[in-house]
Every structure is written in structure tokens, then in C-alpha cells.
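Participant: upload_0.tsv is reproduced in full below (TSV, C-alpha atoms).
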```tsv
chain	number	residue	atom	x	y	z
A	14	MET	CA	100.84	90.76	60.10
A	15	ASN	CA	101.30	89.29	56.64
A	16	LYS	CA	101.87	92.79	55.27
A	17	LEU	CA	104.78	93.06	57.67
A	18	PHE	CA	106.39	89.92	56.33
A	19	ALA	CA	105.76	91.02	52.78
A	20	CYS	CA	107.81	94.14	53.57
A	21	LEU	CA	110.57	92.15	55.21
A	22	ILE	CA	112.23	90.86	52.06
A	23	PRO	CA	112.38	94.20	50.21
A	24	CYS	CA	113.72	95.84	53.36
A	25	ILE	CA	116.53	93.31	53.63
A	26	PHE	CA	117.57	94.21	50.08
A	27	ILE	CA	117.45	97.97	50.66
A	28	LEU	CA	119.43	97.80	53.90
A	29	SER	CA	122.02	95.39	52.47
A	30	PHE	CA	122.58	97.55	49.39
A	31	ILE	CA	122.87	100.77	51.38
A	32	TYR	CA	125.35	99.15	53.74
A	33	ALA	CA	127.36	97.67	50.87
A	34	THR	CA	127.52	101.03	49.12
A	35	ARG	CA	128.81	102.67	52.27
A	36	LYS	CA	131.48	99.96	52.44
A	37	LYS	CA	132.42	100.93	48.87
A	38	VAL	CA	131.44	97.57	47.42
A	39	ASN	CA	130.54	97.43	43.75
A	40	VAL	CA	127.03	96.14	44.35
A	41	TYR	CA	126.32	95.54	40.68
A	42	GLU	CA	129.45	93.43	40.16
A	43	ALA	CA	128.92	91.48	43.37
A	44	PHE	CA	125.26	90.79	42.67
A	45	THR	CA	125.84	89.58	39.12
A	46	GLY	CA	128.78	87.48	40.33
A	47	GLY	CA	126.55	85.75	42.85
A	48	ALA	CA	123.66	85.36	40.42
A	49	LYS	CA	126.00	83.59	38.02
A	50	ASP	CA	126.32	80.74	40.52
A	51	ALA	CA	122.61	80.02	40.19
A	52	ILE	CA	123.07	78.37	36.81
A	53	PRO	CA	125.57	75.65	37.85
A	54	LEU	CA	123.59	75.06	41.03
A	55	VAL	CA	120.38	74.42	39.10
A	56	VAL	CA	122.22	72.38	36.49
A	57	THR	CA	123.42	70.03	39.22
A	58	ILE	CA	119.97	69.61	40.75
A	59	PHE	CA	117.97	69.40	37.52
A	60	PRO	CA	118.60	65.67	36.89
A	61	TYR	CA	117.35	64.78	40.37
A	62	ILE	CA	114.27	66.93	40.11
A	63	ALA	CA	113.41	65.61	36.66
A	64	THR	CA	113.96	61.99	37.74
A	65	VAL	CA	111.76	62.27	40.79
A	66	LEU	CA	109.03	63.99	38.79
A	67	ILE	CA	109.17	61.26	36.15
A	68	LEU	CA	108.80	58.73	38.93
A	69	THR	CA	105.87	60.53	40.54
A	70	GLU	CA	104.13	60.76	37.17
A	71	LEU	CA	104.55	57.03	36.66
A	72	PHE	CA	103.46	56.43	40.22
A	73	SER	CA	100.20	58.30	39.77
A	74	ALA	CA	99.54	57.10	36.19
A	75	SER	CA	99.85	53.48	37.24
A	76	GLY	CA	97.25	54.00	39.96
A	77	LEU	CA	99.72	53.02	42.68
A	78	GLU	CA	99.47	56.43	44.26
A	79	SER	CA	95.74	56.34	44.91
A	80	LYS	CA	95.96	52.81	46.34
A	81	PHE	CA	98.83	53.85	48.56
A	82	LEU	CA	97.05	56.94	49.77
A	83	THR	CA	93.79	55.21	50.58
A	84	ALA	CA	95.79	52.75	52.63
A	85	LEU	CA	97.54	55.50	54.53
A	86	SER	CA	94.80	58.12	54.77
A	87	PRO	CA	93.20	56.89	58.03
A	88	VAL	CA	96.56	57.26	59.76
A	89	PHE	CA	97.19	60.75	58.46
A	90	ASP	CA	93.59	61.71	59.07
A	91	LYS	CA	93.94	60.87	62.75
A	92	LEU	CA	97.07	63.00	62.95
A	93	GLY	CA	95.32	65.98	61.37
A	94	ILE	CA	97.38	65.93	58.18
A	95	PRO	CA	95.43	66.11	54.89
A	96	GLU	CA	96.05	62.95	52.86
A	97	GLU	CA	96.95	64.90	49.72
A	98	ILE	CA	100.12	66.01	51.51
A	99	ALA	CA	101.18	62.48	52.45
A	100	PRO	CA	103.51	62.06	49.44
A	101	LEU	CA	105.39	65.19	50.50
A	102	LEU	CA	105.87	63.81	54.01
A	103	LEU	CA	107.28	60.59	52.61
A	104	VAL	CA	109.66	62.17	50.09
A	105	LYS	CA	110.87	65.13	52.14
A	106	PRO	CA	113.26	63.27	54.47
A	107	LEU	CA	114.82	61.54	51.45
A	108	SER	CA	115.34	64.23	48.88
A	109	GLY	CA	115.06	67.99	48.89
A	110	ASN	CA	114.79	68.30	45.14
A	111	GLY	CA	112.31	65.45	44.97
A	112	SER	CA	110.11	67.00	47.60
A	113	LEU	CA	110.32	70.38	45.89
A	114	ALA	CA	108.98	68.61	42.82
A	115	VAL	CA	106.17	67.05	44.85
A	116	LEU	CA	105.43	70.42	46.43
A	117	SER	CA	105.14	72.18	43.09
A	118	ASP	CA	102.84	69.40	41.93
A	119	ILE	CA	100.55	70.02	44.90
A	120	LEU	CA	100.65	73.78	44.27
A	121	ASN	CA	99.79	73.26	40.60
A	122	THR	CA	96.92	70.91	41.35
A	123	TYR	CA	95.21	72.76	44.16
A	124	GLY	CA	96.25	76.35	43.48
A	125	ALA	CA	98.96	78.25	45.29
A	126	ASP	CA	96.63	79.80	47.86
A	127	ALA	CA	94.60	76.76	48.93
A	128	TYR	CA	94.74	75.53	52.51
A	129	LEU	CA	96.32	72.29	51.32
A	130	SER	CA	99.04	74.10	49.42
A	131	ARG	CA	99.81	76.35	52.36
A	132	CYS	CA	100.11	73.32	54.64
A	133	ALA	CA	102.44	71.72	52.13
A	134	CYS	CA	104.55	74.88	51.90
A	135	VAL	CA	104.83	75.12	55.66
A	136	ILE	CA	105.80	71.47	56.00
A	137	TYR	CA	108.33	71.87	53.22
A	138	GLY	CA	109.71	75.10	54.65
A	139	SER	CA	110.00	73.92	58.21
A	140	SER	CA	111.81	70.67	57.57
A	141	GLU	CA	114.97	69.38	55.98
A	142	THR	CA	116.07	66.37	53.99
A	143	THR	CA	116.92	64.47	57.15
A	144	LEU	CA	118.18	61.20	55.68
A	145	TYR	CA	120.17	62.91	52.93
A	146	LEU	CA	121.79	65.30	55.40
A	147	GLY	CA	122.57	62.43	57.74
A	148	ALA	CA	124.31	60.58	54.95
A	149	ILE	CA	126.55	63.48	53.94
A	150	TYR	CA	127.19	64.95	57.39
A	151	PHE	CA	128.05	61.74	59.17
A	152	SER	CA	130.03	60.10	56.41
A	153	GLY	CA	133.71	60.14	57.28
A	154	LEU	CA	133.19	60.95	60.96
A	155	LYS	CA	134.94	58.80	63.52
A	156	ARG	CA	132.69	59.25	66.49
A	157	LYS	CA	129.09	59.16	65.43
A	158	ARG	CA	125.67	58.74	66.89
A	159	LEU	CA	123.82	58.59	63.62
A	160	THR	CA	120.87	56.37	64.48
A	161	SER	CA	119.80	58.20	67.60
A	162	ALA	CA	120.25	61.60	65.97
A	163	LEU	CA	118.22	60.42	62.96
A	164	MET	CA	115.41	59.14	65.14
A	165	ILE	CA	115.26	62.41	67.06
A	166	ALA	CA	115.17	64.39	63.83
A	167	LEU	CA	112.46	62.23	62.27
A	168	ILE	CA	110.25	62.36	65.36
A	169	SER	CA	110.57	66.15	65.42
A	170	PHE	CA	109.72	66.23	61.72
A	171	LEU	CA	106.49	64.27	62.08
A	172	LEU	CA	105.33	66.20	65.14
A	173	SER	CA	106.13	69.52	63.52
A	174	ALA	CA	104.17	68.53	60.39
A	175	ILE	CA	101.12	67.95	62.59
A	176	PHE	CA	101.78	71.24	64.31
A	177	GLY	CA	102.20	73.03	60.95
A	178	CYS	CA	98.86	71.82	59.56
A	179	PHE	CA	97.24	72.93	62.80
A	180	VAL	CA	98.80	76.40	62.62
A	181	CYS	CA	97.76	76.83	58.98
A	182	ARG	CA	94.10	76.65	59.96
A	183	PHE	CA	94.41	79.90	61.86
A	184	LEU	CA	97.09	81.89	60.07
B	26	MET	CA	117.18	56.42	47.14
B	27	ASN	CA	118.58	54.04	44.52
B	28	ILE	CA	116.56	51.07	45.74
B	29	ILE	CA	113.37	53.09	46.09
B	30	PHE	CA	113.73	54.59	42.63
B	31	THR	CA	114.55	51.35	40.84
B	32	TYR	CA	111.82	49.25	42.42
B	33	LEU	CA	109.08	51.88	42.20
B	34	PHE	CA	109.98	52.54	38.58
B	35	ILE	CA	109.87	48.86	37.63
B	36	ILE	CA	106.64	48.16	39.51
B	37	ALA	CA	104.84	51.25	38.20
B	38	THR	CA	105.96	50.60	34.63
B	39	ALA	CA	104.95	46.95	34.85
B	40	ILE	CA	101.47	47.96	36.00
B	41	LEU	CA	101.23	50.52	33.19
B	42	LEU	CA	102.19	47.79	30.75
B	43	PHE	CA	98.97	45.99	31.66
B	44	ILE	CA	96.65	48.97	32.03
B	45	ASN	CA	97.65	51.29	29.26
B	46	PRO	CA	101.11	51.05	27.63
B	47	ASP	CA	100.57	54.28	25.67
B	48	LEU	CA	100.54	56.21	28.91
B	49	PHE	CA	104.16	55.34	29.72
B	50	LEU	CA	105.95	57.69	27.34
B	51	LYS	CA	103.40	60.41	27.95
B	52	SER	CA	103.81	60.43	31.72
B	53	VAL	CA	107.58	60.11	31.56
B	54	LEU	CA	107.81	63.10	29.24
B	55	SER	CA	105.39	65.17	31.25
B	56	GLY	CA	107.41	64.46	34.38
B	57	ALA	CA	110.62	65.61	32.75
B	58	SER	CA	109.05	68.75	31.37
B	59	LYS	CA	107.60	69.60	34.78
B	60	GLY	CA	111.13	69.27	36.09
B	61	ALA	CA	112.42	71.70	33.50
B	62	THR	CA	109.71	74.24	34.34
B	63	LEU	CA	110.43	73.96	38.03
B	64	CYS	CA	114.15	74.46	37.48
B	65	LEU	CA	113.44	77.61	35.55
B	66	ALA	CA	111.50	78.95	38.52
B	67	LEU	CA	114.34	77.92	40.81
B	68	VAL	CA	117.12	79.44	38.77
B	69	SER	CA	115.41	82.82	38.97
B	70	SER	CA	114.93	82.57	42.71
B	71	TYR	CA	118.51	81.37	43.31
B	72	ALA	CA	119.93	84.13	41.12
B	73	ILE	CA	118.36	86.73	43.40
B	74	TRP	CA	119.45	85.19	46.68
B	75	LEU	CA	122.91	84.10	45.64
B	76	GLY	CA	123.39	87.61	44.32
B	77	LEU	CA	122.40	89.05	47.68
B	78	ILE	CA	124.66	86.63	49.55
B	79	ARG	CA	127.60	87.69	47.38
B	80	VAL	CA	126.88	91.34	48.22
B	81	TRP	CA	126.90	90.34	51.90
B	82	GLU	CA	130.18	88.52	51.57
B	83	GLU	CA	131.91	91.40	49.89
B	84	SER	CA	130.57	94.04	52.24
B	85	GLY	CA	131.49	92.00	55.32
B	86	ILE	CA	127.95	91.43	56.55
B	87	SER	CA	128.40	87.66	56.61
B	88	LYS	CA	131.49	88.00	58.78
B	89	LYS	CA	129.54	90.21	61.18
B	90	ILE	CA	126.73	87.68	61.35
B	91	SER	CA	129.09	84.85	62.16
B	92	LYS	CA	130.80	86.97	64.81
B	93	LEU	CA	127.41	87.77	66.29
B	94	LEU	CA	126.41	84.14	66.45
B	95	SER	CA	129.69	82.65	67.57
B	96	PRO	CA	129.36	83.11	71.37
B	97	LEU	CA	126.03	81.29	71.26
B	98	VAL	CA	127.44	78.64	68.95
B	99	LYS	CA	130.40	78.04	71.26
B	100	ARG	CA	128.10	77.47	74.21
B	101	VAL	CA	125.60	75.21	72.46
B	102	PHE	CA	128.22	73.02	70.82
B	103	LYS	CA	130.71	73.10	73.72
B	104	THR	CA	133.61	74.11	71.54
B	105	LYS	CA	136.18	76.87	71.84
B	106	ASP	CA	137.67	76.56	68.38
B	107	GLU	CA	137.23	79.72	66.33
B	108	GLU	CA	137.22	78.02	62.92
B	109	THR	CA	134.58	75.49	63.98
B	110	ALA	CA	132.35	78.22	65.40
B	111	CYS	CA	132.72	80.23	62.19
B	112	ALA	CA	131.74	77.31	59.93
B	113	ILE	CA	128.74	76.55	62.13
B	114	SER	CA	127.60	80.18	62.22
B	115	MET	CA	127.83	80.51	58.45
B	116	ASN	CA	125.87	77.31	58.00
B	117	LEU	CA	123.19	78.40	60.46
B	118	SER	CA	122.84	81.91	59.07
B	119	ILE	CA	122.46	80.74	55.47
B	120	ASN	CA	119.94	78.20	56.71
B	121	LEU	CA	118.03	80.98	58.44
B	122	LEU	CA	117.53	82.54	55.02
B	123	GLY	CA	116.13	79.35	53.58
B	124	MET	CA	119.05	78.57	51.28
B	125	GLY	CA	119.54	75.02	52.49
B	126	GLY	CA	121.51	73.96	49.44
B	127	ALA	CA	124.02	76.78	49.79
B	128	ALA	CA	124.53	75.97	53.47
B	129	THR	CA	125.53	72.34	52.97
B	130	PRO	CA	129.23	72.93	52.15
B	131	TYR	CA	129.67	74.84	55.43
B	132	GLY	CA	127.76	72.09	57.22
B	133	ILE	CA	130.09	69.35	56.01
B	134	LYS	CA	133.11	71.40	57.05
B	135	ALA	CA	131.60	72.10	60.47
B	136	CYS	CA	130.90	68.39	61.02
B	137	GLN	CA	134.45	67.41	60.23
B	138	LEU	CA	135.80	70.06	62.59
B	139	LEU	CA	133.34	69.08	65.34
B	140	ASP	CA	134.54	65.49	65.11
B	141	LYS	CA	137.88	66.58	66.56
B	142	THR	CA	136.41	68.38	69.57
B	143	ASP	CA	136.00	66.97	73.09
B	144	PHE	CA	132.28	66.45	72.95
B	145	ALA	CA	132.19	65.16	69.38
B	146	GLU	CA	129.34	62.69	69.80
B	147	TYR	CA	127.12	65.23	71.46
B	148	ALA	CA	128.12	68.18	69.29
B	149	SER	CA	127.78	66.48	65.92
B	150	ALA	CA	124.44	64.95	66.88
B	151	MET	CA	123.22	68.35	68.06
B	152	PHE	CA	124.48	70.06	64.92
B	153	PHE	CA	122.80	67.47	62.74
B	154	VAL	CA	119.49	67.71	64.59
B	155	ILE	CA	119.46	71.50	64.37
B	156	ASN	CA	120.20	71.30	60.66
B	157	ALA	CA	117.71	68.52	60.05
B	158	THR	CA	114.87	70.21	61.90
B	159	SER	CA	115.61	73.27	59.81
B	160	ILE	CA	115.98	76.73	61.23
B	161	GLN	CA	114.40	79.05	58.74
B	162	LEU	CA	113.40	82.65	59.09
B	163	LEU	CA	112.67	83.21	55.43
B	164	PRO	CA	111.59	80.25	53.33
B	165	THR	CA	112.75	82.14	50.25
B	166	ALA	CA	112.64	79.28	47.76
B	167	ILE	CA	109.00	78.52	48.51
B	168	VAL	CA	107.93	82.14	48.49
B	169	GLY	CA	109.57	82.34	45.06
B	170	VAL	CA	107.85	79.22	43.75
B	171	ARG	CA	104.47	80.39	45.08
B	172	ALA	CA	104.91	83.80	43.51
B	173	SER	CA	105.77	82.25	40.16
B	174	LEU	CA	102.62	80.12	40.35
B	175	GLY	CA	100.41	83.17	40.76
B	176	SER	CA	99.76	83.27	44.48
B	177	ILE	CA	97.97	86.41	45.67
B	178	SER	CA	100.15	86.83	48.75
B	179	PRO	CA	103.13	84.50	48.41
B	180	ALA	CA	104.65	85.67	51.69
B	181	ASP	CA	101.73	84.67	53.90
B	182	ILE	CA	103.28	81.29	54.69
B	183	ILE	CA	106.30	82.90	56.34
B	184	LEU	CA	104.76	83.26	59.79
B	185	PRO	CA	103.36	79.71	60.06
B	186	SER	CA	106.66	78.40	58.68
B	187	ILE	CA	108.65	80.24	61.31
B	188	LEU	CA	106.40	78.97	64.08
B	189	THR	CA	106.55	75.41	62.82
B	190	SER	CA	110.28	75.36	62.28
B	191	ALA	CA	110.87	76.95	65.68
B	192	PHE	CA	108.68	74.24	67.17
B	193	SER	CA	110.55	71.42	65.47
B	194	THR	CA	113.99	72.84	66.26
B	195	PHE	CA	113.06	73.36	69.89
B	196	LEU	CA	111.72	69.82	70.06
B	197	GLY	CA	114.84	68.43	68.40
B	198	ILE	CA	117.22	70.30	70.72
B	199	SER	CA	115.32	69.23	73.83
B	200	LEU	CA	115.18	65.61	72.72
B	201	THR	CA	118.91	65.61	71.95
B	202	MET	CA	119.78	67.10	75.33
B	203	LEU	CA	117.51	64.64	77.09
B	204	TYR	CA	118.99	61.73	75.17
B	205	PHE	CA	122.57	62.63	76.00
B	206	LYS	CA	121.69	63.22	79.63
B	207	ILE	CA	120.24	59.73	79.84
B	208	ILE	CA	123.22	58.26	77.99
B	209	SER	CA	125.77	59.90	80.23
B	210	ARG	CA	123.87	58.85	83.33
B	211	THR	CA	123.63	55.20	82.28
B	212	ARG	CA	127.29	55.25	81.37
B	213	GLN	CA	128.20	56.61	84.78
B	214	VAL	CA	126.08	53.97	86.46
B	215	ASN	CA	127.56	51.22	84.32
B	216	SER	CA	131.12	52.25	84.88
B	217	ALA	CA	130.49	52.57	88.61
B	218	ARG	CA	128.80	49.20	88.96
B	219	LEU	CA	130.43	46.89	86.51
B	220	ILE	CA	134.03	47.94	86.30
B	221	PRO	CA	134.92	49.79	89.47
B	222	LEU	CA	138.59	48.90	89.12
B	223	LYS	CA	138.95	50.34	85.66
B	224	LYS	CA	137.14	53.50	86.63
B	225	LEU	CA	140.27	55.27	87.64
B	226	LYS	CA	141.91	54.70	84.30
B	227	MET	CA	139.05	56.05	82.21
B	228	ASN	CA	138.51	59.21	84.19
B	229	GLY	CA	135.97	61.53	82.68
B	230	ALA	CA	134.66	59.02	80.16
B	231	GLY	CA	131.25	58.95	81.78
B	232	THR	CA	130.69	62.65	81.47
B	233	ARG	CA	130.82	62.70	77.72
```
Would you mind giving the structure from this file in C-alpha cells?

Facilitator:
Amino acid sequence: MNKLFACLIPCIFILSFIYATRKKVNVYEAFTGGAKDAIPLVVTIFPYIATVLILTELFSASGLESKFLTALSPVFDKLGIPEEIAPLLLVKPLSGNGSLAVLSDILNTYGADAYLSRCACVIYGSSETTLYLGAIYFSGLKRKRLTSALMIALISFLLSAIFGCFVCRFL
Amino acid sequence: MNIIFTYLFIIATAILLFINPDLFLKSVLSGASKGATLCLALVSSYAIWLGLIRVWEESGISKKISKLLSPLVKRVFKTKDEETACAISMNLSINLLGMGGAATPYGIKACQLLDKTDFAEYASAMFFVINATSIQLLPTAIVGVRASLGSISPADIILPSILTSAFSTFLGISLTMLYFKIISRTRQVNSARLIPLKKLKMNGAGTR
């Protein structure tokens, strides 16, 4: 099954390029043009990523993190979520770049193939920065139902995190 | 985010001041350099996917995708407007590929267009929930990060991710529908009970 998904991404590239060639698109020009946009995109997110990582370093160096986690771990334990992933759950709804930083920290600490890291990846990959999205999507709208929509999204997020950790035990 | 950052920073630094002041500069620097490393991994992954998306745009694949999705989009969001449906489909299809950041501009546009439609409250809430619960087929960014950190099979989180995100999106959609059903019912009851005289003037208000 995993072999199949490993083939998926290369196949998408092959099919897209064949199709583009048949449509007489200059694939090389188009690809480099798109790749160029990666630099400004990363330049805009770098400050946020760096800031959050600085904060998490301070947080763990000051010993606040371990205190915080021991306080929360019984709750997460009951829900079936490993406590090491708790920081990710807390940051993810707030900031995508911040949670990406937290995720890479988890991957670095426990190894990219550990159960914990896979749980973290699944949680990261199956959720969005709910509060951030809410702020930008609903700003400037006349008729909004922000609070109820936010609650629904956050409930789904927590339940799906539990579900994700459960799934990772088997797959 | 501002409040959280400022307070956490002050508290953590104050504690460090008492425990071990030397550690402050060291941890701050190590945080920043981790950020730089991560961005390097990201820029490589984005270069690949943004490149592919540009190839799609120029060969007309993105237009086809949005045409394919638009009947479904029009039904789910109760809109008939072509432009709205197109913005939503583009947002959803980029999201499906795991490029959340690239999808945001389309999302903002879609929200503003949805605000003008008849079922704005319902449609914008639904659109937000679908976006917030994330619909991802390929979590490309994570696969990239895992690969760069030396994972043996970086793609083996794709299946659990799909299952989980399908679960959360399904949950979110059902909860939203349920919520708006309850809302419209209570509104109908209220308008029938409390202000029976005004009911004629606000025809249709309860169904929203």
C-alpha cells in the first residue's frame, strides 16, 4: 500500500509533463517560473518560523515546557495522544509556520520514522491553522458566524487528532 | 499570537535569568538557526510544487480541475455564481495537494464573494470549516521535510493523513449542517411564536 503512495507523486509529475508537452507548453520555462516564487514565499514566512522556534527554545530551556507537559499529560494520555505531541496540538491552530517548526523539532528529536513522529506528521497534515484562517477569512465580512464555525472546526481538530494517533498504530 | 508571544517570552526569559543566564543567548541563537535550516528544507519543497502548479496553470490543467469541481461546489455552497465557484474550486484543489499557503489568496477571494450570496452565513461558515479541517490528498510539505530528515519511507504517512483529514472534514461538514439546521429551526419557531404579525414582512428569513 505504501509503495503505491510512493509511486503517486512521481506519476503526477510524469502525467502533468506529458500533458503539458502535448499542449505545447514550455515545461522548462513554466517550471522555473513557478519555482522562482518559492524564494519570496519562504522569505515572508522565515521571520515567523524563526521567532516561534526561538520561543520554543526559551520555553524548553527555562523548564516551563516540562512543567506544562506534566500538568497536561494525564489529559492527553486519556485521549490516547502521546504527551510529546501536546505542544504541536497547542500551536497548530494558531500558526502554521510555528507548528511546522514544532513538528520539525519532534522529528529531529525522535527520528523521522518513530511512531511519535508519524503521529505528529499525521496531525500536522490533517489539520489547518484554524484561528489564523478564521482571522483572515472572516475579517471584512458583513454576515459572519465566526464563533460557531470556530468551535466546530476546533472540535473536529481535537477529535481527528485522537483518531490520527489511533490510525498510526496500525498503518 | 502577539499576547502569547510577548508573555511567554518575558516569563521564560525571567526564569532563565534566575536559573542560568548564560543559556539565554545560546537558546535564542539555536532557535533562529533551526528556523533557517527549516526554511532551507521548505524552499526546496516549495520550489518543486510551485513549479508543478505553474506547469498546470499554463497547460490548462488547473482550469479543468476547477471546472470538474464546480458542480459539486455550487451544490455544497448553494451558490450559482461562476466566479465564486471558480475561486472555491481553486482553493480546494490546491489544498488537496497540501499547499495550504498557496491556497490562502483564493480562499480570501472566495470568502468575499460568498458574503454577497443568499446563504452567506451558512456558506462562509461551511467554507471556513472545510478549509480549517483541511482537505489534503498529498501532504507534500511534510513528506518533503521527512525526506530531508532521512526518513526511510517518507511517503508512508500519506494514507493515515488522508484517513484522518477525511474524518475531520466529514465531522466538520456534518456538525456545520447540523448546527445550521438547528439554527434555522429555532429561528422559524421564534418568528412564529413571538412576532406573528411581523412574519409576513420578513418572508423567508427563517429559512436562511

Participant: Can I get the residues of chain B within 6 Å of chain A, each with the closest pair of atoms and their distance in Å to one decimal, using only C-alpha atoms, sorted chain first then ascending number, as JSON lines?

Facilitator:
```
{"residue": "B:Ala37", "atom": "CA", "partner": "A:Ser75", "partner_atom": "CA", "distance": 5.5}
{"residue": "B:Ile40", "atom": "CA", "partner": "A:Ser75", "partner_atom": "CA", "distance": 5.9}
{"residue": "B:Leu41", "atom": "CA", "partner": "A:Ser75", "partner_atom": "CA", "distance": 5.2}
{"residue": "B:Ser52", "atom": "CA", "partner": "A:Glu70", "partner_atom": "CA", "distance": 5.5}
{"residue": "B:Val53", "atom": "CA", "partner": "A:Ile67", "partner_atom": "CA", "distance": 5.0}
{"residue": "B:Gly56", "atom": "CA", "partner": "A:Ile67", "partner_atom": "CA", "distance": 4.1}
{"residue": "B:Ala57", "atom": "CA", "partner": "A:Ala63", "partner_atom": "CA", "distance": 4.8}
{"residue": "B:Gly60", "atom": "CA", "partner": "A:Ala63", "partner_atom": "CA", "distance": 4.3}
{"residue": "B:Val68", "atom": "CA", "partner": "A:Ala51", "partner_atom": "CA", "distance": 5.7}
{"residue": "B:Tyr71", "atom": "CA", "partner": "A:Ala51", "partner_atom": "CA", "distance": 5.3}
{"residue": "B:Ala72", "atom": "CA", "partner": "A:Ala48", "partner_atom": "CA", "distance": 4.0}
{"residue": "B:Leu75", "atom": "CA", "partner": "A:Gly47", "partner_atom": "CA", "distance": 4.9}
{"residue": "B:Gly76", "atom": "CA", "partner": "A:Gly47", "partner_atom": "CA", "distance": 4.0}
{"residue": "B:Arg79", "atom": "CA", "partner": "A:Gly47", "partner_atom": "CA", "distance": 5.0}
{"residue": "B:Val80", "atom": "CA", "partner": "A:Ala43", "partner_atom": "CA", "distance": 5.3}
{"residue": "B:Ser84", "atom": "CA", "partner": "A:Ala33", "partner_atom": "CA", "distance": 5.0}
{"residue": "B:Ile133", "atom": "CA", "partner": "A:Tyr150", "partner_atom": "CA", "distance": 5.4}
{"residue": "B:Glu146", "atom": "CA", "partner": "A:Lys157", "partner_atom": "CA", "distance": 5.6}
{"residue": "B:Ala150", "atom": "CA", "partner": "A:Ala162", "partner_atom": "CA", "distance": 5.4}
{"residue": "B:Val154", "atom": "CA", "partner": "A:Ala166", "partner_atom": "CA", "distance": 5.5}
{"residue": "B:Ala157", "atom": "CA", "partner": "A:Glu141", "partner_atom": "CA", "distance": 5.0}
{"residue": "B:Thr158", "atom": "CA", "partner": "A:Ser140", "partner_atom": "CA", "distance": 5.3}
{"residue": "B:Ser159", "atom": "CA", "partner": "A:Ser140", "partner_atom": "CA", "distance": 5.1}
{"residue": "B:Pro164", "atom": "CA", "partner": "A:Gly138", "partner_atom": "CA", "distance": 5.6}
{"residue": "B:Arg171", "atom": "CA", "partner": "A:Ala125", "partner_atom": "CA", "distance": 5.9}
{"residue": "B:Ser176", "atom": "CA", "partner": "A:Ala125", "partner_atom": "CA", "distance": 5.1}
{"residue": "B:Ala180", "atom": "CA", "partner": "A:Ala19", "partner_atom": "CA", "distance": 5.6}
{"residue": "B:Asp181", "atom": "CA", "partner": "A:Asn15", "partner_atom": "CA", "distance": 5.4}
{"residue": "B:Ser186", "atom": "CA", "partner": "A:Val135", "partner_atom": "CA", "distance": 4.8}
{"residue": "B:Thr189", "atom": "CA", "partner": "A:Gly177", "partner_atom": "CA", "distance": 5.3}
{"residue": "B:Ser190", "atom": "CA", "partner": "A:Ser139", "partner_atom": "CA", "distance": 4.3}
{"residue": "B:Ser193", "atom": "CA", "partner": "A:Ser173", "partner_atom": "CA", "distance": 5.2}
{"residue": "B:Gly197", "atom": "CA", "partner": "A:Ser169", "partner_atom": "CA", "distance": 5.7}
```

Participant: CA of Leu50 in chain B and CA of Ile35 in chain B are how many Å apart?

Facilitator: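 Going from CA of Leu50 in chain B over to CA of Ile35 in chain B covers 14.1 Å.
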
Participant: Identify which of the residues A:Leu28, A:Ala148, A:Leu92, A:Ile98 lies closest to Tyr123 in chain A, counting only C-alpha atoms when measuring atom-to-atom distances.

Facilitator: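 Under the stated criterion, the closest residue is A:Ile98.
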
Participant: To one decimal place in Å, what is the distance between CA of Ser95 in chain B and CA of Ala110 in chain B?

Facilitator: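 Taking CA of Ser95 in chain B as the start and CA of Ala110 in chain B as the end point, the length is 5.6 Å.
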
Participant: Given all atoms listed in the file as the basis, pick out the residue of B:Asn156, B:Leu200, B:Leu93, B:Trp81 nearest to Leu117 in chain B.

Facilitator: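 Checking each of B:Asn156, B:Leu200, B:Leu93, B:Trp81 against Leu117 in chain B, counting all atoms listed in the file, the winner is B:Asn156.
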
Participant: So what do you get for CA of Ser112 in chain A versus CA of Thr165 in chain B, distance-wise?

Facilitator: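 If I compute the distance from CA of Ser112 in chain A to CA of Thr165 in chain B, I get 15.6 Å.
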